[in-house]
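Here's the structure we're looking at; comments come further down.
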Amino acid sequence: MRYLIGLLFLCFSGLVAQTGPDSSSIDTRYLEDQFYIGVTYNFLLGQPDDVSQRNLSYGLQAGFIKDMPLNSNRTTAIGLGVGYGVYSYYSNLKAEENNNGILYSILENDSDFKRNKIETHVLEVPFEIRWRNSTPSEYKFWRLYAGMKFGYVFAGRSKLVPTDASKISFYNNDIRSFQYGLTLNFGYNTFNVHAYYSLSNLYNGNVFLDNESLNTQPLRVGLIFYIL
């Protein structure tokens, strides 16, 4: 909840800052959408048949993108930036540490646990090809930004909260450190749809569930807000 409150505060602060330009100080060399913040719902694709998602698998992201216009009216540009994202994936796939590594199994009964998730903290580098119909004096415009996002997972945790025992939490080294995927941001004015489709697996290649490789790819869909 505190993450969502902070998200709304930043978004509305950005909206207040963009109420309109002073006609006496219009900048014809303006840059667009250099700060972003977003919230997503996270899906896991390609999971084994018995694995299903639970609860609200959410994601939060924020960062800075350097806007580099390519034409004189600044409607097309390249964006290159850096950001931070935290993504949670709730499911019935249990991860448990033992002396031989990490063992994966299915939590058969929903009443046996309150929450079970994988959480990743990611340093991200977005790269975008940008199109918009903005002008130096207009903040309300259509935008279409497509590209790729590269990420380094610097902290990945597995966490289980049983109904009748203390929680189990540990750093999961089976999570792939380097991840990348396709991005698409589309919308008008304040509210813009954000989508990320991972081209890499969430796990390393040597992770198995009952001798079946876990080839799981995240798909994240949500809203993204641009502040400046």
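Ligands are numbered from 1 in the order shown, chains are lettered A, B, ... in the order of the structure tokens, and residues start at 1 in each chain.
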
Near-range 77-87 of chain A list (10 Å; only C-alpha atoms; drop same-chain fewer than 4 positions) as a compact mmCIF listing (two decimals) with C-alpha atoms, in the first residue's frame:
```txt
# COMPACT_ATOMS: atom_id res chain seq x y z
CA LEU A 31 12.59 17.50 -24.58
CA GLU A 32 9.71 15.18 -23.70
CA ASP A 33 8.93 12.45 -21.20
CA GLN A 34 12.30 12.10 -19.50
CA PHE A 35 11.00 10.84 -16.13
CA TYR A 36 8.62 7.92 -15.88
CA ILE A 37 6.84 5.87 -13.24
CA GLY A 38 4.61 2.88 -13.83
CA VAL A 39 2.59 0.09 -12.29
CA THR A 40 1.97 -3.31 -13.90
CA TYR A 41 0.20 -6.61 -13.51
CA ASN A 42 2.63 -9.46 -14.11
CA SER A 57 1.32 -10.18 -9.11
CA TYR A 58 2.29 -6.52 -9.28
CA GLY A 59 5.22 -4.48 -10.52
CA LEU A 60 6.49 -0.96 -9.91
CA GLN A 61 9.04 0.87 -12.04
CA ALA A 62 10.59 4.33 -12.23
CA GLY A 63 13.48 5.96 -14.00
CA PHE A 64 14.96 8.57 -16.31
CA ILE A 65 15.16 8.46 -20.12
CA LYS A 66 17.33 10.86 -22.10
CA ASP A 67 15.17 12.16 -24.96
CA MET A 68 17.17 12.74 -28.18
CA PRO A 69 15.01 14.24 -30.99
CA LEU A 70 15.77 13.18 -34.56
CA ASN A 71 13.89 15.86 -36.54
CA ILE A 118 9.27 -14.66 -6.38
CA GLU A 119 10.34 -11.03 -6.15
CA THR A 120 12.97 -9.42 -8.35
CA HIS A 121 14.73 -6.07 -7.96
CA VAL A 122 16.05 -4.98 -11.33
CA LEU A 123 18.39 -2.28 -12.60
CA GLU A 124 16.92 -1.46 -16.02
CA VAL A 125 18.16 0.19 -19.22
CA PRO A 126 15.29 1.12 -21.57
CA PHE A 127 15.91 1.93 -25.23
CA GLU A 128 13.03 3.41 -27.26
CA ILE A 129 12.15 4.68 -30.72
CA ARG A 130 9.71 7.50 -29.96
CA TRP A 131 6.93 9.15 -31.94
CA ARG A 132 4.56 11.87 -30.63
CA TYR A 145 7.17 4.50 -27.90
CA ALA A 146 8.51 1.07 -28.86
CA GLY A 147 11.81 -0.56 -28.07
CA MET A 148 13.64 -2.88 -25.71
CA LYS A 149 14.47 -3.00 -22.05
CA PHE A 150 17.57 -4.66 -20.62
CA GLY A 151 17.68 -5.59 -16.97
CA TYR A 152 20.13 -6.81 -14.35
CA VAL A 153 18.51 -8.61 -11.40
CA ALA A 155 18.31 -9.16 -5.86
CA GLY A 156 15.88 -12.02 -6.40
CA PRO A 218 7.29 -12.69 -17.80
CA ARG A 220 3.88 -7.25 -17.76
```

Spatial neighbours of Asp112 in chain A, max dist 10 Å, only C-alpha atoms, sep filter under 4 positions, as a list in words: Leu107, Glu108, Val161, Pro162, Thr163, Asp164 and Ala165 of chain A

Long-range neighbours of Arg176 in chain A as a ChimeraX atom specification, 8 Å cut-off, only C-alpha atoms, 2 positions minimum in chain: /A:153,173-174,178-179,201-204

Non-local contacts of range 91-103 of chain A (10 Å; only C-alpha atoms; under 4 positions in same chain excluded) as an NGL selection string: :A and (44 or 47-48 or 50-57 or 107-110 or 113 or 115-118 or 157-160 or 168-174 or 207-210)

DSSP helix (DSSP H, G or I) residues within range 14-201 of chain A, listed as a PyMOL selection string: chain A and resi 14-17+23-25+110-112

Atoms kept (N, CA and C atoms) for selection, written as a JSON list (two decimals), in the first residue's frame:
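again-v4.json, freshly written:
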```json
[["chain", "number", "residue", "atom", "x", "y", "z"],
["A", 14, "GLY", "N", 3.63, 15.43, -10.74],
["A", 14, "GLY", "CA", 4.05, 15.67, -12.11],
["A", 14, "GLY", "C", 2.97, 16.37, -12.91],
["A", 15, "LEU", "N", 1.70, 16.02, -12.65],
["A", 15, "LEU", "CA", 0.61, 16.66, -13.37],
["A", 15, "LEU", "C", 0.50, 18.13, -13.02],
["A", 16, "VAL", "N", 0.71, 18.45, -11.75],
["A", 16, "VAL", "CA", 0.67, 19.84, -11.34],
["A", 16, "VAL", "C", 1.77, 20.63, -12.02],
["A", 17, "ALA", "N", 2.95, 20.00, -12.17],
["A", 17, "ALA", "CA", 4.08, 20.68, -12.78],
["A", 17, "ALA", "C", 3.86, 20.93, -14.27],
["A", 23, "SER", "N", 3.71, 31.53, -22.14],
["A", 23, "SER", "CA", 3.89, 31.85, -23.56],
["A", 23, "SER", "C", 5.13, 32.69, -23.82],
["A", 24, "SER", "N", 5.61, 33.38, -22.79],
["A", 24, "SER", "CA", 6.79, 34.22, -22.97],
["A", 24, "SER", "C", 8.08, 33.44, -22.88],
["A", 25, "SER", "N", 7.99, 32.15, -22.52],
["A", 25, "SER", "CA", 9.22, 31.37, -22.34],
["A", 25, "SER", "C", 9.10, 30.01, -23.01],
["A", 110, "ASP", "N", -4.51, -24.72, -1.45],
["A", 110, "ASP", "CA", -4.44, -23.28, -1.21],
["A", 110, "ASP", "C", -4.52, -22.93, 0.26],
["A", 111, "SER", "N", -5.14, -23.78, 1.05],
["A", 111, "SER", "CA", -5.29, -23.49, 2.49],
["A", 111, "SER", "C", -3.99, -23.68, 3.26],
["A", 112, "ASP", "N", -2.97, -24.24, 2.60],
["A", 112, "ASP", "CA", -1.71, -24.49, 3.28],
["A", 112, "ASP", "C", -0.80, -23.26, 3.31]]
```

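Atom pair CA of Tyr30 in chain A / CA of Tyr196 in chain A has a distance of 27.5 Å (rounded to one decimal).
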
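In this model, the gap between CA of Val221 in chain A and CA of Asp49 in chain A comes to 22.3 Å.
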